[in-house]
Structures are given as structure tokens and as C-alpha cells.
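Shown next, in C-alpha cells, is the structure this report addresses.
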Amino acid sequence: MSAPPGAAGAGGAAGAAARLLAWLEERLGISVLLELGREKRVPRHRHTLWYYLGGMTLFLFGLQVGTGILLLLYYRPSAGEAFESVQFLMTKVPFGWLVRSLHSWSANLLIFVLVLHMFSVFFLRAYRRPRELTWLTGIFLLFLMMAFGFSGYLLPWNTLAFFATQVGTEVAGALPVVGHFALRMLRGGEQVTGGTLTRFYGFHVAVLPALTTVLLLVHLVLVQKHGMSVPPGVEERQRRGAEPPRTMPFVPNFLLRDLIGWCAALGVLAALAAFLPWELGSKADPFAPAPAGIRPEWYFCWMFQTLKILPGHILGVEGEILGILGIGVAGLLWLLVPFLDRAVAPARRRHPAFAIVVWAAIAYMLVMTLWVYLPAGG
Amino acid sequence: MSARRSVVTLFATGILLSMGGLRPAGALLAAEPPRPAQGPRPLETSCVTCHAQLDGELLEPTRHTGDDIHFLKGLSCHDCHGGNPAAGGDGDPTAAHDPAKGWMKPTRAQIPGFCAKCHADAAFMKRFDPRARVDQLSEYRTSVHGKKNAAGDERAAVCVDCHGVHGIRAISDPRSKVYPTNVADTCAHCHADASLMGRYFIPTDQFAEYKRSVHHHALDEEGDTSAPTCNDCHGSHGAVPPGVENVASVCGSCHGREATLFRETEAKKKLDLSACIQCTVCHGNHAVLEPTDAMLGVGPQSTCTGCHSEGEPGYKAAAQMAEDVRRLTGKLAEANGLLDRADRAGVEVNPDRFALQKARDQLVEAKVLAHSFDLERFNVAANEGIASADAGIAAGRRAFAELRYRRFGLSLALVLIAAVIVALAFKVRQIERPAAE
């Protein structure tokens with residue numbers, strides 16, 4: 001008796017797939033990865049929702065890479081052609097407006113989600129031993145994303161970006177000792193020119209992606225190695241038997257939930273791109289006076305406003321230098337949070353002042369940011 | 001504004017002159033200009049030290065030693081008035097006011113020559129400014145003011161009436177009486193004085209009229225110092241009312257294109273033979289108001305119907321021009337409105353805006369060509385403008401079509417995304433149901 005044709009076909013396809021897997025296994029040893037996916041489990045408790053932010057950030061970064069590559073097909077990194085190439089992309093290239101809007105909006109959403117992810121890690125104390133390096137790589141990734149934002153902002157070579165870059169690089173120039181070198185290194189000279197644009201382009205599409213790739217891989221490997229951190233409060237309840245330790249498989253349960261979030265993010269981005277397409281503005285004119293209302297991207301605003309409101313001199317030191325040093329010290333302290341937490345409160349509970357200081361810092365950043373966006377601010 | 005600059009140059013000269021002597025104008029012109037390197041320097045003279053202790057008009061000159069351009073350039077009282085600046089320290093002014101040493105106080109008839117003692121001397125003036133004009137006196141002698149002064153009219157304006165006596169400032173100084181924004185007030189000081197002008201049968205409404213004009217608005221309210229004031233049309237030192245023949249030239253010195261077009265018209269020839277004064281027929285003279293579209297055509301505010309009656313070719317041409325301007329303006333507004341709305345909705349329309357600039361240019365060009373009174377030439381510009389505006393309207397409509405397309409695409413994408421989310425949620429429920437953790 002011969003087998004039905006369909007069964008033979010299905011059997012044939014399954015056989016081909018199995019042979020392909022065997023072929024790959026022999027050469028790559030992919031069973032290790034498949035096994036890892038099958039075995040990886042994610043803790044399940046009332047704070048599980050915060051775990052999705054990391055995946056969401058990764059998804060948005062992937063979107064950045066994808067849309068960025070598409071933009072590269074048309075973008076020309078010179079003062080004479082940058083603006084026109086973006087304008088051409090937005091007006092003549094099919095769906096060019098969508099690609100640019102998705103790139104710009106998802107860049108902002110990426111920073112927003114990344115900041116949420118960072119604070120969720122802080123408040124759930126997920127940086128606890130042995131995850132200090134995961135925290136460090138994460139913070140460095142945030143810095144890199146901000147550098148992506150700063151360098152990418154100039155690339156359309158429009159008026160607002162030109163003057164915002166001028167102000168931003170002046171801040172770097174105010175650094176003690178290395179300021180002038182930093183300014184020249186960023187601008188490629190004393191002024192913001194076409195040379196700066198080419199340089200920022202290089203940072204944006206080569207230097208920063210290379211650094212990000214390395215750091216991101218380390219970050220993901222560390223997350224994989226140590227697994228998801230269970231918040232101390234949950235751990236305590238589980239230890240006391242007040243809450244059973246629950247987990248779910250990463251594949252497919254957690255991954256499917258991740259996908260739901262990614263789809264929702266894609267929907268939000270599509271709506272933003274359709275209703276609020278990212279503006280191009282007017283072409284930068286280095287000889288024109290700076291327009292009113294120059295401000296950097298929203299995630300730099302709190303620093304921008306801080307430097308703006310500082311008096312010219314504080315205790316004989318230039319206010320701006322003091323401000324930059326203050327922000328630098330705050331950044332360093334934030335980087336060292338896992339070690340400071342252990343030093344301040346070696347016991348299970350974190351010192352209450354720790355959270356108070358961070359909440360105060362968050363409130364300060366929000367107020368400063370809103371100040372810039374208020375009509376009389378900026 | 002070289003004419004204006006010359007006013008100031010004369011003004012600078014004036015302070016020297018205003019301290020002048022008693023010799024007749026001709027003698028003054030022939031006299032040697034002062035040599036500022038001689039004697040005590042500006043503030044150390046007996047003139048300053050003695051007059052500083054006096055009252056009233058004798059004290060007044062010493063109050064300007066810090067702001068008068070002549071003092072600032074190193075000149076002093078005796079450089080204009082002569083006399084002996086070293087004498088008089090004993091309280092007796094006789095030696096200081098020694099006519100034998102050239103001391104003088106000029107009469108109004110003498111003042112122009114008194115100032116020209118230096119300001120008509122090219123070699124002397126070049127010590128202070130290599131570009132200084134030295135023709136102010138000869139210009140002045142051609143003016144109505146100068147002619148009356150020469151005829152012995154004491155009321156005719158002389159240098160000091162415009163530039164001041166002491167305390168003369170550089171023309172570039174906004175406090176100068178002949179700085180562009182102050183010229184009209186300076187002229188009005190006499191020309192708005194009914195009792196003074198009444199003697200010459202000159203009307204006194206020019207200043208009030210000028211203040212209503214677009215020129216005054218630009219100069220005084222917008223601070224555009226290139227906008228014309230009295231001396232830009234009438235001249236500075238050679239001030240005269242523009243003749244009927246040369247009004248178009250006067251206006252054309254700024255409005256060149258309109259003047260060139262107008263000069264070629266038959267209308268100009270006819271106007272030249274009439275009592276009408278060219279440009280002023282439609283635009284007025286001192287009260288040159290902002291031109292409006294209503295001035296063109298056959299409506300109630302039209303200036304064309306003043307000369308052209310219904311049925312005449314000129315009347316028809318005016319009506320046609322007005323209609324074309326109205327159409328072009330309307331289409332331009334429609335295109336702008338559409339592109340603005342599309343821009344606010346997020347469609348990139350900058351290239352279309354740029355293209356629309358041609359319609360704006362052609363509108364301006366058509367209004368300028370109205371001065372040619374040539375309907376055919378006017379139509380070329382107007383029709384090109386209308387075509388560009390139509391293209392702008394089409395671009396605006398395309399932008400809205402694009403917007404609708406985007407929103408339809410978004411709706412479709414959102415439906416698909418929602419469907420995927422629902423499917424994923426069902427799948428999660430399905431795989432987790434048997435687990436019953």
C-alpha cells in the first residue's frame with residue numbers, strides 16, 4: 001500500500017527540515033542555542049511587567065538599525081547636499097517620509113523606554129550582586145544612545161539642528177583642561193561646518209554602532225548568564241512562603257508577550273509617523289542669526305536648562321564649568337549605584353535616603369525639562 | 001544717500017562757521033581757513049575760560065565743548081571766530097575780541113560764507129575726512145534758501161538753521177538735527193510755521209502729510225534709514241521743489257523700474273503737457289500712502305478713473321488689470337492656504353512653497369508693469385503668475401491626497417497590528433491554560 005501523496009509531501013518536507021537542522025548542528029552546534037531557549041525561564045510575580053522594557057528597547061534599537069540602513073540609501077553627508085537629500089527622501093521617495101519619521105520617532109521612544117528600563121532596574125534593585133556589570137553596560141548603552149541622538153540630530157542639516165549643535169558642542173568646549181580639544185574634535189575645527197556634519201555622520205553610522213554592538217552583546221550575554229533578577233521584596237515573601245516561586249518559559253510564553261508589546265509600539269510609531277511626521281524645517285544657514293527657541297532633544301533639556309540658569313560665577317568659579325562638573329559627578333555616582341548601594345546598606349534593605357535622592361533627582365529633571373518647553377522657558 | 005551725507009558734512013562745517021566773523025561773504029570765502037595747530041588748544045583758550053563765567057547765550061557755546069564735532073576734531077572758538085585766544089585773562093575781553101586779529105560774529109547773511117571758509121576748502125577738509133564734500137556753498141547758492149539769503153532775506157534758512165549753531169554733531173549721530181530720522185522735524189521747524197511760511201505763500205501741511213506716508217512709516221516706525229525724507233526728494237543744500245518735468249526722475253531715483261516704464265508711456269507725454277505732476281497724480285506727493293490693489297481698476301478707490309472714462313481703451317485696460325490682479329491674488333492665497341494646512345498636517349511641501357515664489361514674483365512684476373499702461377506686457381506677467389499659482393494649488397491638493405493615502409494606510413496597518421496583537425494574546429492564553437500554575 002502506498003502512502004497518500006500529501007502525507008508523502010509532508011513527510012518529505014519534515015525530513016528535509018530535519019536534515020537541514022542536522023546539517024547545521026554538525027557545523028554550528030545550534031542545539032545549544034535551541035536548548036537555551038527551551039530551558040530559559042522568566043520569574044513571574046507582580047513586577048514582571050517591568051521585564052518587558054528591556055526587550056522593547058532591543059526591538060526599538062532593531063527598528064533604528066533597519067530604518068537607518070534605508071535612510072543611508074539616500075542620505076548624502078555634506079553641507080551642500082544633506083538637507084536636499086533628506087528633502088528628496090521625504091517628498092519623492094515612496095514611503096521615504098515614513099522611514100524618516102519612524103527613525104526619528106523610534107529614536108525618541110527608544111530613549112524614553114531605555115530611561116524607564118533603567119529606573120525600573122534601579123527601583124527593583126536588579127543591579128544587585130552579581131549583576132553590577134549588567135548595570136554598568138546598560139548605563140554605557142544609555143550614554144551611547146544619547147550620543148546617537150546628538151549626532152543624528154545634526155544630520156538633516158536644518159536650522160534648529162545646526163544651532164543646537166553649536167550650543168551643544170560649546171558645552172563640551174567649556175570642559176576644564178580638555179574642553180578646547182573636545183570642541184575641536186567634535187566640530188572638526190573651531191566652528192560647526194560641513195566638516196562637523198561629515199564627522200557626526202561618521203560617529204552616527206560607524207563608531208557608535210560598533211561600540212553599541214559590542215556593549216549590547218555583553219549586556220545580553222550577562223542578562224542570559226544571570227537570568228532575570230527577582231526583586232528583594234518578592235524574594236523575601238517567597239522565602240517566607242507567602243508567595244510561591246513562579247516562572248514561565250521564555251519561549252514561547254514570554255516571547256509572545258514581548259511580541260504583543262512590540263506590535264503595540266509599532267502601532268504607536270505608525271500613528272505618530274502618520275499624524276505627526278518628523279519636521280524637516282529650513283536648511284541651515286551658518287551666516288543667519290540664531291533663531292529664537294533653540295533647544296536640544298528633550299532628553300538633554302534638563303542639562304541644558306541647568307547650565308542656562310546657573311549664575312555666571314559661583315564662589316569664583318565659572319558657573320557653566322561648575323554645572324558641567326556637577327552633571328559629570330552625578331553621572332559617575334549613577335554609574336556606581338550598585339557599589340554605593342552595597343557600601344551604604346550592606347543589609348538586605350536599601351538605605352531609604354537612596355531612593356529619596358533619586359526621586360528628588362527625577363523630580364528635578366522633570367521640572368527642568370518642562371521649564372524648557374514652557375512658553376516662557378527655553 | 002549721498003545728498004544726506006552732504007547735509008551732515010555741511011552741518012559739521014557749520015559749527016566753525018557759526019562762530020564766524022563780520023567780513024562780507026565773498027571776503028570770507030577768499031580768506032585763509034584756520035590753522036588749528038596754532039595757539040592754545042580747545043579747552044585752554046581764554047574764550048572758554050571767560051565765557052564759562054558768563055550767563056545766557058554767552059555761556060551757551062561753552063556747554064558744547066564735549067559734544068560738538070569741531071571741538072572733538074581739535075578745533076576751538078577762535079578757529080571760527082578769530083581773535084586772540086591767549087588774551088583776555090585779565091578780565092578785559094577787548095584784546096581777545098580784537099578785530100585786527102580776525103575776531104568776528106557773522107550776520108545771517110554772512111553765515112554761509114563763514115562756514116564755507118573751511119567747508120569749501122578741499123585741502124583743509126581732507127585733513128579730517130578725505131571723502132568730505134566741499135560743494136555745499138555752491139549747492140546752497142542754487143537753492144531757494146540760498147537765493148533768498150543772497151538777496152538779503154534774513155529769514156531764509158542758513159547753515160545753522162538746519163545744523164545748529166554750537167553743539168553740532170556728526171551726521172551719523174542719531175542726535176544730530178540732520179540725522180535721517182530727524183530731518184523732517186528740522187525742516188518742519190520752519191515749513192510748518194504758518195506765520196513764517198505765510199510770507200512766502202508756501203503751504204504748511206507738508207510735514208503733517210508726510211507723517212501719513214509710507215516713507216515716514218518706514219523711516220520712523222521701522223527704523224529704515226534708507227527710506228526717503230525731505231532732502232532725498234528736494235535735495236539738501238540745493239533744496240528746491242521738484243519741477244513738473246523731473247518728478248518722475250525724483251521718484252525714479254528709488255523706484256527705478258516704475259519710472260523707466262512710465263517714461264516710455266504716452267501718458268507721460270500727455271501729463272507733461274498738462275498741469276498734472278506725473279507720479280503724484282496717482283500716489284500723492286508728501287502723503288504717499290501704501291499702494292493698494294484698489295488703486296488699480298475702475299472701482300471707487302481707483303486712481304485710473306481720474307483720467308479714463310468708461311468706454312475708453314484705458315478704462316478697459318484698467319478694469320482688465322484689476323481683474324487679473326484680483327484673480328492672481330486669490331489663487332495665490334488659496335495655494336498658500338492649502339500648502340500651509342498640508343504643512344501643519346505634516347506633509348513636506350517646502351519645494352512646492354519654493355515654486356510658488358514665482359507666482360508671488362509675477363504678482364509684484366504685474367503691479368510694476370501696470371506703470372507701463374501696456375495691457376499686453378501686463379498680461380504676460382499676470383498669466384505666468386496665475387499659471388504658477390494654479391500649480392501651487394494643484395501641489396496643495398496633491399499633498400492632501402497624499403495625507404488621505406497615509407491615513408488610510410495607517411488605518412489598515414493599525415487594523416493588522418491589532419489583529420496580530422489579539423491573535424498573540426489568544427495564543428498566550430491557549431498555551432498557558434493547561435499549565436494551571
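Simple scheme: letters A, B, ... for chains in C-alpha cells order, numbers from 1 for residues in each chain, numbers from 1 for ligands in the order shown.
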Tell me, as a ChimeraX atom specification, which residues lie within 9 Å of stretch 297-311 of chain A, counting only C-alpha atoms; anything in the same chain fewer than 6 positions away does not count. /A:108,111-112,146,149-150,153,164,168,171,318-324,327,364-373,377-378
So which residues touch A:Gly80 within 12 Å, counting only C-alpha atoms, skipping near sequence neighbours fewer than 6 positions away, as a list of chain:residue names? A:Val86, A:Leu155, A:Pro156, A:Trp157, A:Asn158, A:Thr193, A:Gly194, A:Gly195, A:Leu197, A:Thr198, A:Lys283, A:Ala284, A:Asp285
Write out the residues from the selection above, keeping C-alpha atoms, as a CSV table (one decimal), in the first residue's frame.
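Below you can see part.csv, which holds the result:
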chain,number,residue,atom,x,y,z
A,86,VAL,CA,16.5,64.3,3.2
A,155,LEU,CA,22.4,65.1,10.0
A,156,PRO,CA,19.4,66.7,8.3
A,157,TRP,CA,21.4,70.0,8.4
A,158,ASN,CA,18.4,72.1,9.3
A,193,THR,CA,30.7,73.5,9.4
A,194,GLY,CA,30.2,70.9,6.8
A,195,GLY,CA,33.2,69.1,8.3
A,197,LEU,CA,28.4,67.2,9.6
A,198,THR,CA,30.7,64.6,8.0
A,283,LYS,CA,18.1,74.4,5.6
A,284,ALA,CA,20.8,75.6,8.0
A,285,ASP,CA,22.4,78.9,7.2
Could you list, as a PyMOL selection string, every residue of chain B that has an atom within 9 Å of an atom of chain A, counting only C-alpha atoms? chain B and resi 344-351+403+406-407+409-411+413-414+417-418+420-422+424-425+427-428+431-432+437
If I take atom CA of B:Lys367 and atom CA of B:Ala287, how far is one from the other in Å, to one decimal?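 A separation of 20.3 Å between them.
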Which distance in Å separates atom CA of B:Thr107 and atom CA of B:Ala157, to one decimal?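 About the pair atom CA of B:Thr107 and atom CA of B:Ala157: they are 12.6 Å apart.
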Neighbour list for stretch 127-132 of chain B as a list in words, cut-off 8 Å, only C-alpha atoms, skip fewer than 3 positions in-chain: Thr9, Lys73, Ala122, Ala123 and Phe124 of chain B
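Straight-line separation from atom CA of A:Leu116 to atom CA of A:Leu53: 7.4 Å.
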Closest contacts (stretch 258-352 of chain B/stretch 248-253 of chain B, max 8 Å, only C-alpha atoms) as a tab-separated table:
residue	atom	partner	partner_atom	distance
B:Glu258	CA	B:Gly252	CA	7.0
B:Ala259	CA	B:Gly252	CA	4.8
B:Thr260	CA	B:Gly252	CA	7.5
B:Arg263	CA	B:Ala248	CA	7.8
B:Gln278	CA	B:Ala248	CA	6.4
B:Cys279	CA	B:Ala248	CA	6.1
Got time to write the residues from that selection, C-alpha atoms, as a PDB file, in the first residue's frame?
ATOM      1  CA  GLU B 258       8.398 102.004 -12.380  1.00  0.00           C
ATOM      2  CA  ALA B 259       9.948 105.259 -13.521  1.00  0.00           C
ATOM      3  CA  THR B 260      11.536 103.656 -16.594  1.00  0.00           C
ATOM      4  CA  ARG B 263       8.778 107.352 -19.068  1.00  0.00           C
ATOM      5  CA  GLN B 278       3.327 112.641 -13.111  1.00  0.00           C
ATOM      6  CA  CYS B 279       3.698 110.130 -10.244  1.00  0.00           C
TER       7      CYS B 279
END
Applying 8 Å and only C-alpha atoms, which residues near B:Thr65 remain after dropping the ones on its own chain fewer than 4 positions away? List them as a JSON list (two decimals) with N, CA and C atoms, in the first residue's frame.
[["chain", "number", "residue", "atom", "x", "y", "z"],
["B", 43, "LEU", "N", 40.23, 123.61, 24.96],
["B", 43, "LEU", "CA", 39.61, 124.00, 26.22],
["B", 43, "LEU", "C", 40.47, 124.94, 27.05],
["B", 61, "PRO", "N", 27.78, 128.56, 24.32],
["B", 61, "PRO", "CA", 28.76, 127.83, 23.49],
["B", 61, "PRO", "C", 29.71, 126.94, 24.30],
["B", 71, "PHE", "N", 34.94, 120.77, 18.18],
["B", 71, "PHE", "CA", 35.81, 120.62, 19.36],
["B", 71, "PHE", "C", 36.43, 119.23, 19.39],
["B", 72, "LEU", "N", 35.60, 118.24, 19.06],
["B", 72, "LEU", "CA", 36.10, 116.86, 19.10],
["B", 72, "LEU", "C", 37.21, 116.62, 18.07],
["B", 167, "GLY", "N", 27.30, 122.98, 19.33],
["B", 167, "GLY", "CA", 26.81, 121.62, 19.64],
["B", 167, "GLY", "C", 26.44, 120.87, 18.38]]
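Considering only C-alpha atoms, the residue among A:Leu33, A:Thr212, A:Phe123, A:His45 positioned nearest to A:Phe354 is A:Phe123.
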DSSP alpha helix (DSSP H) selection over stretch 262-326 of chain B, as a PyMOL selection string: chain B and resi 262-263+266-273+279-283+313-326
Please produce an output containing N, CA and C atoms for each residue in the selection, written as a short mmCIF file (atom, residue, chain, number, x, y, z; two decimals), in the first residue's frame.
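As a result, out20.cif now contains:
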data_model
loop_
_atom_site.label_atom_id
_atom_site.label_comp_id
_atom_site.auth_asym_id
_atom_site.auth_seq_id
_atom_site.Cartn_x
_atom_site.Cartn_y
_atom_site.Cartn_z
N PHE B 262 7.25 104.11 -16.88
CA PHE B 262 6.36 105.26 -17.02
C PHE B 262 6.89 106.23 -18.07
N ARG B 263 8.20 106.39 -18.12
CA ARG B 263 8.78 107.35 -19.07
C ARG B 263 8.46 106.98 -20.51
N GLU B 266 2.73 106.89 -23.32
CA GLU B 266 2.07 108.05 -23.92
C GLU B 266 1.52 108.94 -22.82
N ALA B 267 1.14 108.30 -21.72
CA ALA B 267 0.53 109.06 -20.62
C ALA B 267 1.48 110.13 -20.11
N LYS B 268 2.75 109.78 -20.04
CA LYS B 268 3.71 110.75 -19.52
C LYS B 268 3.74 111.99 -20.43
N LYS B 269 3.73 111.71 -21.75
CA LYS B 269 3.77 112.85 -22.68
C LYS B 269 2.56 113.76 -22.47
N LYS B 270 1.41 113.11 -22.26
CA LYS B 270 0.19 113.90 -22.07
C LYS B 270 0.25 114.66 -20.76
N LEU B 271 0.75 113.96 -19.73
CA LEU B 271 0.81 114.61 -18.42
C LEU B 271 1.79 115.78 -18.44
N ASP B 272 2.87 115.60 -19.21
CA ASP B 272 3.86 116.68 -19.28
C ASP B 272 3.25 117.97 -19.83
N LEU B 273 2.23 117.78 -20.69
CA LEU B 273 1.58 118.94 -21.30
C LEU B 273 0.47 119.51 -20.42
N CYS B 279 3.94 111.14 -11.28
CA CYS B 279 3.70 110.13 -10.24
C CYS B 279 2.68 110.60 -9.20
N THR B 280 2.73 111.90 -8.90
CA THR B 280 1.89 112.42 -7.82
C THR B 280 0.40 112.37 -8.16
N VAL B 281 0.07 112.24 -9.43
CA VAL B 281 -1.35 112.18 -9.82
C VAL B 281 -2.02 110.99 -9.12
N CYS B 282 -1.35 109.86 -9.13
CA CYS B 282 -1.94 108.67 -8.51
C CYS B 282 -1.47 108.49 -7.06
N HIS B 283 -0.22 108.85 -6.78
CA HIS B 283 0.36 108.47 -5.48
C HIS B 283 0.45 109.61 -4.48
N PRO B 313 -10.29 102.99 -24.12
CA PRO B 313 -9.41 101.81 -24.01
C PRO B 313 -8.67 101.77 -22.67
N GLY B 314 -8.26 102.91 -22.17
CA GLY B 314 -7.55 102.96 -20.88
C GLY B 314 -8.42 102.46 -19.74
N TYR B 315 -9.71 102.77 -19.82
CA TYR B 315 -10.66 102.34 -18.79
C TYR B 315 -10.78 100.81 -18.81
N LYS B 316 -10.87 100.28 -20.05
CA LYS B 316 -10.99 98.80 -20.19
C LYS B 316 -9.71 98.13 -19.70
N ALA B 317 -8.58 98.71 -20.06
CA ALA B 317 -7.29 98.12 -19.65
C ALA B 317 -7.17 98.11 -18.12
N ALA B 318 -7.60 99.21 -17.51
CA ALA B 318 -7.53 99.29 -16.05
C ALA B 318 -8.41 98.22 -15.42
N ALA B 319 -9.62 98.05 -15.98
CA ALA B 319 -10.55 97.04 -15.44
C ALA B 319 -9.95 95.65 -15.58
N GLN B 320 -9.34 95.40 -16.76
CA GLN B 320 -8.74 94.07 -17.01
C GLN B 320 -7.58 93.81 -16.05
N MET B 321 -6.73 94.83 -15.86
CA MET B 321 -5.57 94.67 -14.96
C MET B 321 -6.04 94.38 -13.53
N ALA B 322 -7.05 95.11 -13.11
CA ALA B 322 -7.55 94.92 -11.73
C ALA B 322 -8.09 93.50 -11.57
N GLU B 323 -8.79 93.03 -12.59
CA GLU B 323 -9.37 91.69 -12.52
C GLU B 323 -8.27 90.63 -12.46
N ASP B 324 -7.23 90.81 -13.26
CA ASP B 324 -6.13 89.84 -13.26
C ASP B 324 -5.39 89.84 -11.92
N VAL B 325 -5.18 91.02 -11.38
CA VAL B 325 -4.50 91.09 -10.07
C VAL B 325 -5.36 90.40 -9.00
N ARG B 326 -6.68 90.64 -9.10
CA ARG B 326 -7.59 90.02 -8.12
C ARG B 326 -7.53 88.49 -8.24
#
Can you pull out the residues contacting stretch 145-154 of chain B? Cut-off 12 Å, using only C-alpha atoms, and skip same-chain residues under 4 positions away; I want them as a PDB file with N, CA and C atoms, in the first residue's frame.
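Output (out.pdb):
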ATOM      1  N   PRO B  24      32.340 140.450   4.737  1.00  0.00           N
ATOM      2  CA  PRO B  24      31.344 140.042   3.754  1.00  0.00           C
ATOM      3  C   PRO B  24      31.616 138.615   3.280  1.00  0.00           C
ATOM      4  N   ALA B  25      30.530 137.951   2.791  1.00  0.00           N
ATOM      5  CA  ALA B  25      30.660 136.546   2.416  1.00  0.00           C
ATOM      6  C   ALA B  25      31.777 136.329   1.417  1.00  0.00           C
ATOM      7  N   GLY B  26      31.872 137.174   0.432  1.00  0.00           N
ATOM      8  CA  GLY B  26      32.910 136.999  -0.579  1.00  0.00           C
ATOM      9  C   GLY B  26      34.292 137.042   0.029  1.00  0.00           C
ATOM     10  N   THR B 107      26.767 137.817  10.619  1.00  0.00           N
ATOM     11  CA  THR B 107      25.326 138.053  10.489  1.00  0.00           C
ATOM     12  C   THR B 107      24.742 136.855   9.752  1.00  0.00           C
ATOM     13  N   ARG B 108      23.424 136.764   9.678  1.00  0.00           N
ATOM     14  CA  ARG B 108      22.804 135.635   8.959  1.00  0.00           C
ATOM     15  C   ARG B 108      23.204 135.662   7.492  1.00  0.00           C
ATOM     16  N   ALA B 109      23.353 136.813   6.933  1.00  0.00           N
ATOM     17  CA  ALA B 109      23.755 136.895   5.520  1.00  0.00           C
ATOM     18  C   ALA B 109      25.172 136.354   5.335  1.00  0.00           C
ATOM     19  N   GLN B 110      25.990 136.496   6.374  1.00  0.00           N
ATOM     20  CA  GLN B 110      27.394 136.081   6.243  1.00  0.00           C
ATOM     21  C   GLN B 110      27.606 134.594   6.558  1.00  0.00           C
ATOM     22  N   ILE B 111      26.656 134.005   7.245  1.00  0.00           N
ATOM     23  CA  ILE B 111      26.893 132.642   7.763  1.00  0.00           C
ATOM     24  C   ILE B 111      27.311 131.629   6.688  1.00  0.00           C
ATOM     25  N   PRO B 112      26.606 131.556   5.519  1.00  0.00           N
ATOM     26  CA  PRO B 112      27.040 130.537   4.538  1.00  0.00           C
ATOM     27  C   PRO B 112      28.509 130.678   4.158  1.00  0.00           C
ATOM     28  N   GLY B 113      28.940 131.896   3.907  1.00  0.00           N
ATOM     29  CA  GLY B 113      30.345 132.097   3.545  1.00  0.00           C
ATOM     30  C   GLY B 113      31.264 131.816   4.721  1.00  0.00           C
ATOM     31  N   GLN B 136      29.102 122.380  -0.758  1.00  0.00           N
ATOM     32  CA  GLN B 136      27.848 122.749  -0.093  1.00  0.00           C
ATOM     33  C   GLN B 136      27.448 124.193  -0.373  1.00  0.00           C
ATOM     34  N   LEU B 137      28.424 125.099  -0.357  1.00  0.00           N
ATOM     35  CA  LEU B 137      28.072 126.506  -0.556  1.00  0.00           C
ATOM     36  C   LEU B 137      27.565 126.736  -1.978  1.00  0.00           C
ATOM     37  N   SER B 138      28.267 126.138  -2.961  1.00  0.00           N
ATOM     38  CA  SER B 138      27.822 126.353  -4.344  1.00  0.00           C
ATOM     39  C   SER B 138      26.442 125.734  -4.548  1.00  0.00           C
ATOM     40  N   GLU B 139      26.184 124.600  -3.890  1.00  0.00           N
ATOM     41  CA  GLU B 139      24.849 123.992  -3.947  1.00  0.00           C
ATOM     42  C   GLU B 139      23.837 124.934  -3.304  1.00  0.00           C
ATOM     43  N   TYR B 140      24.225 125.437  -2.166  1.00  0.00           N
ATOM     44  CA  TYR B 140      23.317 126.298  -1.402  1.00  0.00           C
ATOM     45  C   TYR B 140      22.913 127.524  -2.219  1.00  0.00           C
ATOM     46  N   ARG B 141      23.851 128.031  -2.984  1.00  0.00           N
ATOM     47  CA  ARG B 141      23.546 129.236  -3.772  1.00  0.00           C
ATOM     48  C   ARG B 141      22.513 128.957  -4.863  1.00  0.00           C
ATOM     49  N   VAL B 158      19.733 129.377   6.739  1.00  0.00           N
ATOM     50  CA  VAL B 158      21.180 129.272   6.527  1.00  0.00           C
ATOM     51  C   VAL B 158      21.681 128.034   7.261  1.00  0.00           C
ATOM     52  N   CYS B 159      22.972 127.771   7.148  1.00  0.00           N
ATOM     53  CA  CYS B 159      23.567 126.533   7.695  1.00  0.00           C
ATOM     54  C   CYS B 159      23.085 126.216   9.116  1.00  0.00           C
ATOM     55  N   ASP B 161      20.513 126.984  10.758  1.00  0.00           N
ATOM     56  CA  ASP B 161      19.105 126.664  10.982  1.00  0.00           C
ATOM     57  C   ASP B 161      18.868 125.158  10.889  1.00  0.00           C
ATOM     58  N   CYS B 162      19.636 124.513  10.068  1.00  0.00           N
ATOM     59  CA  CYS B 162      19.480 123.055   9.944  1.00  0.00           C
ATOM     60  C   CYS B 162      20.477 122.302  10.826  1.00  0.00           C
ATOM     61  N   CYS B 187      13.189 120.328   9.104  1.00  0.00           N
ATOM     62  CA  CYS B 187      12.594 121.127   8.028  1.00  0.00           C
ATOM     63  C   CYS B 187      11.270 121.739   8.494  1.00  0.00           C
ATOM     64  N   CYS B 190      10.615 125.221  10.301  1.00  0.00           N
ATOM     65  CA  CYS B 190      10.230 126.429   9.559  1.00  0.00           C
ATOM     66  C   CYS B 190       8.998 126.169   8.682  1.00  0.00           C
ATOM     67  N   LEU B 196       5.605 132.175   9.399  1.00  0.00           N
ATOM     68  CA  LEU B 196       6.808 132.353   8.593  1.00  0.00           C
ATOM     69  C   LEU B 196       6.534 132.027   7.129  1.00  0.00           C
ATOM     70  N   ARG B 199       4.502 134.375   4.667  1.00  0.00           N
ATOM     71  CA  ARG B 199       5.176 135.478   3.951  1.00  0.00           C
ATOM     72  C   ARG B 199       5.575 135.061   2.542  1.00  0.00           C
ATOM     73  N   TYR B 200       5.765 133.764   2.361  1.00  0.00           N
ATOM     74  CA  TYR B 200       6.233 133.267   1.056  1.00  0.00           C
ATOM     75  C   TYR B 200       5.121 132.539   0.294  1.00  0.00           C
ATOM     76  N   GLY B 235      16.551 117.600  -2.204  1.00  0.00           N
ATOM     77  CA  GLY B 235      17.965 117.978  -2.131  1.00  0.00           C
ATOM     78  C   GLY B 235      18.267 118.545  -0.759  1.00  0.00           C
ATOM     79  N   SER B 236      19.549 118.629  -0.446  1.00  0.00           N
ATOM     80  CA  SER B 236      19.945 119.094   0.883  1.00  0.00           C
ATOM     81  C   SER B 236      20.309 120.572   0.827  1.00  0.00           C
ATOM     82  N   HIS B 237      21.516 120.830   0.414  1.00  0.00           N
ATOM     83  CA  HIS B 237      21.967 122.222   0.393  1.00  0.00           C
ATOM     84  C   HIS B 237      21.355 122.970  -0.774  1.00  0.00           C
ATOM     85  N   GLY B 238      21.073 122.223  -1.836  1.00  0.00           N
ATOM     86  CA  GLY B 238      20.463 122.864  -3.006  1.00  0.00           C
ATOM     87  C   GLY B 238      18.965 122.664  -3.030  1.00  0.00           C
ATOM     88  N   ALA B 239      18.309 122.707  -1.865  1.00  0.00           N
ATOM     89  CA  ALA B 239      16.892 122.337  -1.771  1.00  0.00           C
ATOM     90  C   ALA B 239      16.002 123.211  -2.651  1.00  0.00           C
ATOM     91  N   VAL B 240      15.240 122.524  -3.505  1.00  0.00           N
ATOM     92  CA  VAL B 240      14.241 123.205  -4.348  1.00  0.00           C
ATOM     93  C   VAL B 240      13.039 122.277  -4.474  1.00  0.00           C
ATOM     94  N   PRO B 241      11.858 122.813  -4.783  1.00  0.00           N
ATOM     95  CA  PRO B 241      10.731 121.911  -5.059  1.00  0.00           C
ATOM     96  C   PRO B 241      10.980 121.236  -6.402  1.00  0.00           C
TER      97      PRO B 241
END
Can you list every residue in stretch 100-338 of chain A that DSSP puts in strand (DSSP E or B), as a list in words?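 Assigned to strand (DSSP E or B), within stretch 100-338 of chain A: Asn158, Thr247, Met248, Pro249, Lys283, His313, Ile314, Val317 and Glu318 of chain A.
Between B:Pro93 and the residues B:Cys47, B:Glu402, B:Ala170, B:Ala116, the shortest atom-to-atom distance, using only C-alpha atoms, involves B:Cys47.
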List the neighbours of A:Leu63 out to 9 Å using only C-alpha atoms; skip same-chain residues closer than 2 positions along the sequence, and give me the result as a PyMOL selection string. chain A and resi 58-61+65-68+102-103+106-107
